[in-house]
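J.: My questions will all concern the structure given below.
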Amino acid sequence: MLLYFLGTGAGQPSLERNVSGIALQLPEWTPDVWLFDCGEGTQYQILRSPFSLRRITRIFITHLHGDHIFGLPGLLASRSFATEAPELTVYGPEGLAGYLGTALRISGTHLNYALLIQEIEPDEELEIDAWRIKVALLDHGDRCYGYRLEEPNKPGRLDARRLQKFGVSPGPIYGKIKQGETIVLENGQVLHGTDFVGPMRQGAHLVILGDTRYCKASVKLARGADILVHEATLSAEFAEKAYVAYHSTTIQAAQVAKEAKVQKLVLTHVSSRYRPESYPKLLAEARKVFPNTYLAEDHFTLGL
C-alpha cells in the first residue's frame with residue numbers, strides 16, 4: 001500500500017502547500033484508491049500524482065470545514081469524464097449529503113456513475129471488502145472524525161528456498177502454493193501449499209485524524225497503529241492559540257503518538273505562516289517527544 005499526501009496545508013492554500021487531501025493506494029491486487037478529505041484544488045493535485053479520478057472508489061471526509069470539502073463537488077463532476085467510472089461512496093458526518101446534494105443540483109451537475117453518500121456516527125465500525133474502519137469523534141468544536149483502517153490479515157510468507165530444494169522454480173506455481181493449493185510435480189511428488197507458507201500476518205493498521213486538539217479519543221483510536229497521521233497546525237510556542245482554535249501543535253501530536261505507541265507519526269495540516277526554512281524546526285520539536293516522526297509535504301509518499 002502507498003500513502004500519498006495531496007495537500008498538507010491548514011485553512012488556506014499556500015504556494016508550498018495545498019489544503020487537505022490524502023490518497024491511499026490499496027494493495028497491488030486491487031487498483032482502488034481511497035481518498036481522505038478533499039480540499040479545494042485536490043483534483044489538480046491528483047493530476048500531478050500517479051492516480052486517476054476513475055481509480056478513486058471511496059472518499060472519507062473528516063469534517064465539513066471548507067478546507068476539507070470545497071474540492072469535492074468539482075472532483076465528483078470531473079470524474080464523470082472518466083470512461084465507465086465505477087460506483088463511488090462518500091462517507092462523512094451528518095450534513096454531508098445535504099452539502100453535496102445542493103452543490104450538484106444547483107450547478108446542474110450530472111454524474112454518469114452511481115454516487116452513494118453515507119453519513120456515519122461516532123464509534124461506528126464499517127466493514128468494507130474485509131477491511132475494518134473505526135470512527136472516533138475528535139475535539140474540534142464542530143463534529144470531526146478520525147478514521148482507523150485495519151487491513152485484512154495477509155497470508156504467511158512463502159518459503160521459496162525450501163521450494164527450490166524440491167526443484168520448484170519461481171513462477172505462477174508459487175502463487176498457487178501460497179494460496180494453499182496442492183501441487184503435483186512432474187515426478188509425481190505431491191506438495192501441499194500449507195507446508196510451505198508461514199502463519200497469517202496481521203495487516204497494516206493506519207490512523208488518519210481530522211483536525212483536533214490533543215484528546216484521549218485520538219490516543220485510543222491510534223493505539224498500536226503502524227502509522228498515525230496527525231495534524232500539527234502550529235509550533236509548540238503557539239500552544240494557547242492552537243487550543244483556542246481547536247488545533248494541535250507539533251509536540252501535542254507527538255505526545256499522542258507516544259502515548260498510543262504507534263510505529264510512525266506523520267505530521268500534516270501545517271499553517272501557511274510557516275515557510276520551508278521553518279520545517280526543520282517543526283520536525284525537531286516533534287522528534288524530541290517521538291523520534292520516528294515525518295513532516296509531510298505535498299506529494300510526500302509513505303509505503304505501508
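Residue names in the C-alpha cells use chain letters A, B, ... in the order shown, residue numbers from 1 in each chain, and ligand numbers from 1 in the order shown.
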I'd like the neighbourhood of Asn153 of chain A as a PyMOL selection string, where a residue qualifies if any of its atoms comes within 6 Å (using only C-alpha atoms), though same-chain residues fewer than 3 positions away should be ignored.

T.: chain A and resi 201-203

J.: As a PyMOL selection string, please: the residues near Gln43 of chain A (cut-off 12 Å, only C-alpha atoms, same-chain neighbours under 4 positions excluded).

T.: chain A and resi 6-7+18-23+35+37-39+47-49+51-54+56+69-79

J.: Could you dump the residues just selected with C-alpha atoms as a PDB file, in the first residue's frame?

T.:
ATOM      1  CA  LEU A   6      -2.080  15.532  -1.962  1.00  0.00           C
ATOM      2  CA  GLY A   7      -2.462  18.551   0.316  1.00  0.00           C
ATOM      3  CA  ASN A  18      -2.451  22.854  -0.848  1.00  0.00           C
ATOM      4  CA  VAL A  19      -5.287  22.257   1.615  1.00  0.00           C
ATOM      5  CA  SER A  20      -6.200  18.832   2.980  1.00  0.00           C
ATOM      6  CA  GLY A  21      -6.260  15.700   0.881  1.00  0.00           C
ATOM      7  CA  ILE A  22      -4.666  12.260   1.298  1.00  0.00           C
ATOM      8  CA  ALA A  23      -4.824   9.282  -1.067  1.00  0.00           C
ATOM      9  CA  LEU A  35      -9.315   9.499  -0.586  1.00  0.00           C
ATOM     10  CA  ASP A  37     -10.721  14.783   2.659  1.00  0.00           C
ATOM     11  CA  CYS A  38     -10.924  16.836  -0.499  1.00  0.00           C
ATOM     12  CA  GLY A  39      -9.994  20.471  -0.070  1.00  0.00           C
ATOM     13  CA  LEU A  47      -3.241  15.336 -11.921  1.00  0.00           C
ATOM     14  CA  ARG A  48       0.318  15.573 -10.585  1.00  0.00           C
ATOM     15  CA  SER A  49       0.040  12.194  -8.835  1.00  0.00           C
ATOM     16  CA  PHE A  51      -3.542   8.234  -9.772  1.00  0.00           C
ATOM     17  CA  SER A  52      -6.618   8.953 -11.867  1.00  0.00           C
ATOM     18  CA  LEU A  53     -10.051  10.061 -10.717  1.00  0.00           C
ATOM     19  CA  ARG A  54     -11.504   6.834 -12.048  1.00  0.00           C
ATOM     20  CA  ILE A  56     -10.974   6.625  -6.562  1.00  0.00           C
ATOM     21  CA  ILE A  69     -14.571  19.627   1.387  1.00  0.00           C
ATOM     22  CA  PHE A  70     -14.598  22.562  -1.071  1.00  0.00           C
ATOM     23  CA  GLY A  71     -12.867  20.451  -3.725  1.00  0.00           C
ATOM     24  CA  LEU A  72     -15.369  17.617  -3.512  1.00  0.00           C
ATOM     25  CA  PRO A  73     -18.148  18.794  -5.900  1.00  0.00           C
ATOM     26  CA  GLY A  74     -15.623  19.610  -8.627  1.00  0.00           C
ATOM     27  CA  LEU A  75     -13.837  16.292  -8.238  1.00  0.00           C
ATOM     28  CA  LEU A  76     -17.118  14.377  -8.448  1.00  0.00           C
ATOM     29  CA  ALA A  77     -18.088  16.307 -11.590  1.00  0.00           C
ATOM     30  CA  SER A  78     -14.723  15.772 -13.296  1.00  0.00           C
ATOM     31  CA  ARG A  79     -14.872  12.063 -12.532  1.00  0.00           C
TER      32      ARG A  79
END

J.: Would you please extract all helix (DSSP H, G or I) residues from segment 92-190 of chain A, as assigned by DSSP on the backbone, and give them as a list in words?

T.: Leu96, Ala97, Gly98, Tyr99, Leu100, Gly101, Thr102, Ala103, Leu104, Arg105, Ile106, Ala160, Arg161, Arg162, Leu163, Gln164, Lys165, Pro172, Ile173, Tyr174, Gly175, Lys176, Ile177 and Lys178 of chain A

J.: Restricting the calculation to only C-alpha atoms: of A:His205, A:Lys134, A:Arg213, A:Arg58, which residue gets closest to Tyr246 of chain A?

T.: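 Going through A:His205, A:Lys134, A:Arg213, A:Arg58 one by one, the smallest distance to Tyr246 of chain A is for A:Arg213.
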
J.: Which one is closest to Leu234 of chain A: A:Ser218, A:Tyr279, A:His192, A:Tyr91? Count only C-alpha atoms.

T.: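 The answer is A:Tyr279, which sits nearest to Leu234 of chain A.
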
J.: Go through segment 133-215 of chain A residue by residue and, counting only C-alpha atoms, keep those with an atom at most 9 Å from segment 102-124 of chain A; for each kept residue give the shortest atom pair and its distance in Å to one decimal, ordered by chain and increasing number, as a tab-separated table.

T.:
residue	atom	partner	partner_atom	distance
A:Ile133	CA	A:Glu124	CA	8.3
A:Lys134	CA	A:Glu124	CA	6.2
A:Val135	CA	A:Asp123	CA	5.1
A:Ala136	CA	A:Pro122	CA	5.1
A:Leu137	CA	A:Pro122	CA	5.3
A:Tyr145	CA	A:Pro122	CA	7.4

J.: Enumerate the residues of segment 142-248 of chain A with a DSSP assignment of strand (DSSP E), computed from the backbone, and present them as a list in words.

T.: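 Checking each residue of segment 142-248 of chain A, the strand (DSSP E) ones are Tyr145, Gly146, Tyr147, Arg148, Leu149, Glu150, Thr182, Ile183, Val184, Val190, Leu191, His192, His205, Leu206, Val207, Ile208, Leu209, Ile227, Leu228, Val229, His230 and Glu231 of chain A.
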
J.: Using only C-alpha atoms, which protein or nucleic acid residues come within 10 Å of segment 284-295 of chain A? Drop anything in the same chain fewer than 4 positions from it, and give the result as a PyMOL selection string.

T.: chain A and resi 8+227-229+232+235-236+249-259+261-270+279-280+300+302

J.: Please save N, CA and C atoms of the selected residues as a CSV table (one decimal), in the first residue's frame.

T.:
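Output (out.csv):
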chain,number,residue,atom,x,y,z
A,8,THR,N,-1.3,19.3,2.3
A,8,THR,CA,-0.8,19.2,3.7
A,8,THR,C,-0.9,20.6,4.4
A,227,ILE,N,1.0,3.4,11.4
A,227,ILE,CA,1.2,4.8,11.0
A,227,ILE,C,0.0,5.7,11.6
A,228,LEU,N,0.4,6.8,12.2
A,228,LEU,CA,-0.6,7.8,12.6
A,228,LEU,C,-0.4,9.1,11.8
A,229,VAL,N,-1.4,9.6,11.2
A,229,VAL,CA,-1.4,10.9,10.5
A,229,VAL,C,-2.1,11.9,11.4
A,232,ALA,N,-0.7,19.1,12.7
A,232,ALA,CA,0.3,19.9,13.5
A,232,ALA,C,0.2,21.3,13.0
A,235,SER,N,3.4,25.5,15.8
A,235,SER,CA,4.6,25.1,16.6
A,235,SER,C,4.3,25.2,18.0
A,236,ALA,N,5.2,24.6,18.8
A,236,ALA,CA,4.9,24.5,20.3
A,236,ALA,C,4.7,25.8,21.0
A,249,THR,N,-0.5,21.3,18.3
A,249,THR,CA,0.9,21.7,17.9
A,249,THR,C,1.7,20.5,17.6
A,250,THR,N,2.9,20.7,17.1
A,250,THR,CA,3.8,19.6,16.8
A,250,THR,C,4.0,18.7,18.0
A,251,ILE,N,4.3,19.3,19.2
A,251,ILE,CA,4.5,18.5,20.4
A,251,ILE,C,3.3,17.7,20.8
A,252,GLN,N,2.1,18.3,20.7
A,252,GLN,CA,0.9,17.6,21.1
A,252,GLN,C,0.7,16.4,20.2
A,253,ALA,N,0.9,16.6,18.9
A,253,ALA,CA,0.7,15.4,18.0
A,253,ALA,C,1.7,14.3,18.4
A,254,ALA,N,3.0,14.7,18.7
A,254,ALA,CA,4.0,13.7,19.1
A,254,ALA,C,3.6,13.0,20.4
A,255,GLN,N,3.0,13.7,21.3
A,255,GLN,CA,2.5,13.1,22.6
A,255,GLN,C,1.5,12.1,22.3
A,256,VAL,N,0.5,12.3,21.4
A,256,VAL,CA,-0.5,11.3,21.1
A,256,VAL,C,0.2,10.0,20.5
A,257,ALA,N,1.2,10.2,19.6
A,257,ALA,CA,1.9,9.1,19.1
A,257,ALA,C,2.6,8.3,20.1
A,258,LYS,N,3.3,9.0,21.1
A,258,LYS,CA,4.0,8.4,22.1
A,258,LYS,C,3.1,7.6,23.0
A,259,GLU,N,2.0,8.2,23.4
A,259,GLU,CA,1.0,7.5,24.4
A,259,GLU,C,0.4,6.3,23.7
A,261,LYS,N,1.7,4.5,21.4
A,261,LYS,CA,2.7,3.5,21.0
A,261,LYS,C,2.6,3.1,19.5
A,262,VAL,N,2.5,4.1,18.7
A,262,VAL,CA,2.4,3.8,17.2
A,262,VAL,C,3.8,3.6,16.7
A,263,GLN,N,3.9,3.1,15.5
A,263,GLN,CA,5.3,2.9,14.9
A,263,GLN,C,5.8,4.1,14.2
A,264,LYS,N,5.0,4.9,13.5
A,264,LYS,CA,5.4,6.1,12.8
A,264,LYS,C,4.3,7.2,13.0
A,265,LEU,N,4.8,8.4,13.0
A,265,LEU,CA,3.9,9.6,13.1
A,265,LEU,C,4.2,10.4,11.8
A,266,VAL,N,3.2,10.9,11.2
A,266,VAL,CA,3.3,11.8,10.1
A,266,VAL,C,2.5,13.1,10.4
A,267,LEU,N,3.2,14.2,10.4
A,267,LEU,CA,2.6,15.5,10.7
A,267,LEU,C,2.1,16.1,9.4
A,268,THR,N,0.9,16.7,9.4
A,268,THR,CA,0.3,17.4,8.3
A,268,THR,C,-0.5,18.6,8.8
A,269,HIS,N,-1.3,19.2,7.8
A,269,HIS,CA,-2.1,20.4,8.2
A,269,HIS,C,-1.3,21.5,8.8
A,270,VAL,N,-0.3,21.9,8.1
A,270,VAL,CA,0.7,22.9,8.7
A,270,VAL,C,0.2,24.3,8.2
A,279,TYR,N,10.5,24.3,8.4
A,279,TYR,CA,10.1,22.9,8.6
A,279,TYR,C,11.1,22.1,9.5
A,280,PRO,N,12.4,22.3,9.4
A,280,PRO,CA,13.3,21.5,10.3
A,280,PRO,C,13.0,21.8,11.7
A,300,PHE,N,4.3,14.0,-0.8
A,300,PHE,CA,5.1,13.1,0.0
A,300,PHE,C,4.4,11.7,0.0
A,302,LEU,N,4.5,7.5,1.5
A,302,LEU,CA,5.0,6.6,2.5
A,302,LEU,C,4.4,5.2,2.3

J.: Counting only C-alpha atoms, which residue out of A:Val168, A:Gly175, A:Glu87, A:Ile128 sits closest to Leu191 of chain A?

T.: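 So, comparing all the options, the nearest one is A:Val168.
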
J.: Which of these, A:Gly180, A:Asp67, A:Ile59, A:Ala130, has the shortest distance to Gly11 of chain A once you count only C-alpha atoms?

T.: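 For Gly11 of chain A, the nearest of the candidates is A:Asp67.
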
J.: Pick from A:Arg148, A:Arg17, A:Arg55, A:His65: nearest to Leu221 of chain A, with only C-alpha atoms counted?

T.: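 Residue with the minimum atom-to-atom distance to Leu221 of chain A: A:Arg148.
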
J.: What is the atom CA of Leu3 of chain A-atom CA of Glu151 of chain A distance in Å, reported with one decimal?

T.: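 Rounded to one decimal, the two atoms are 13.5 Å apart.
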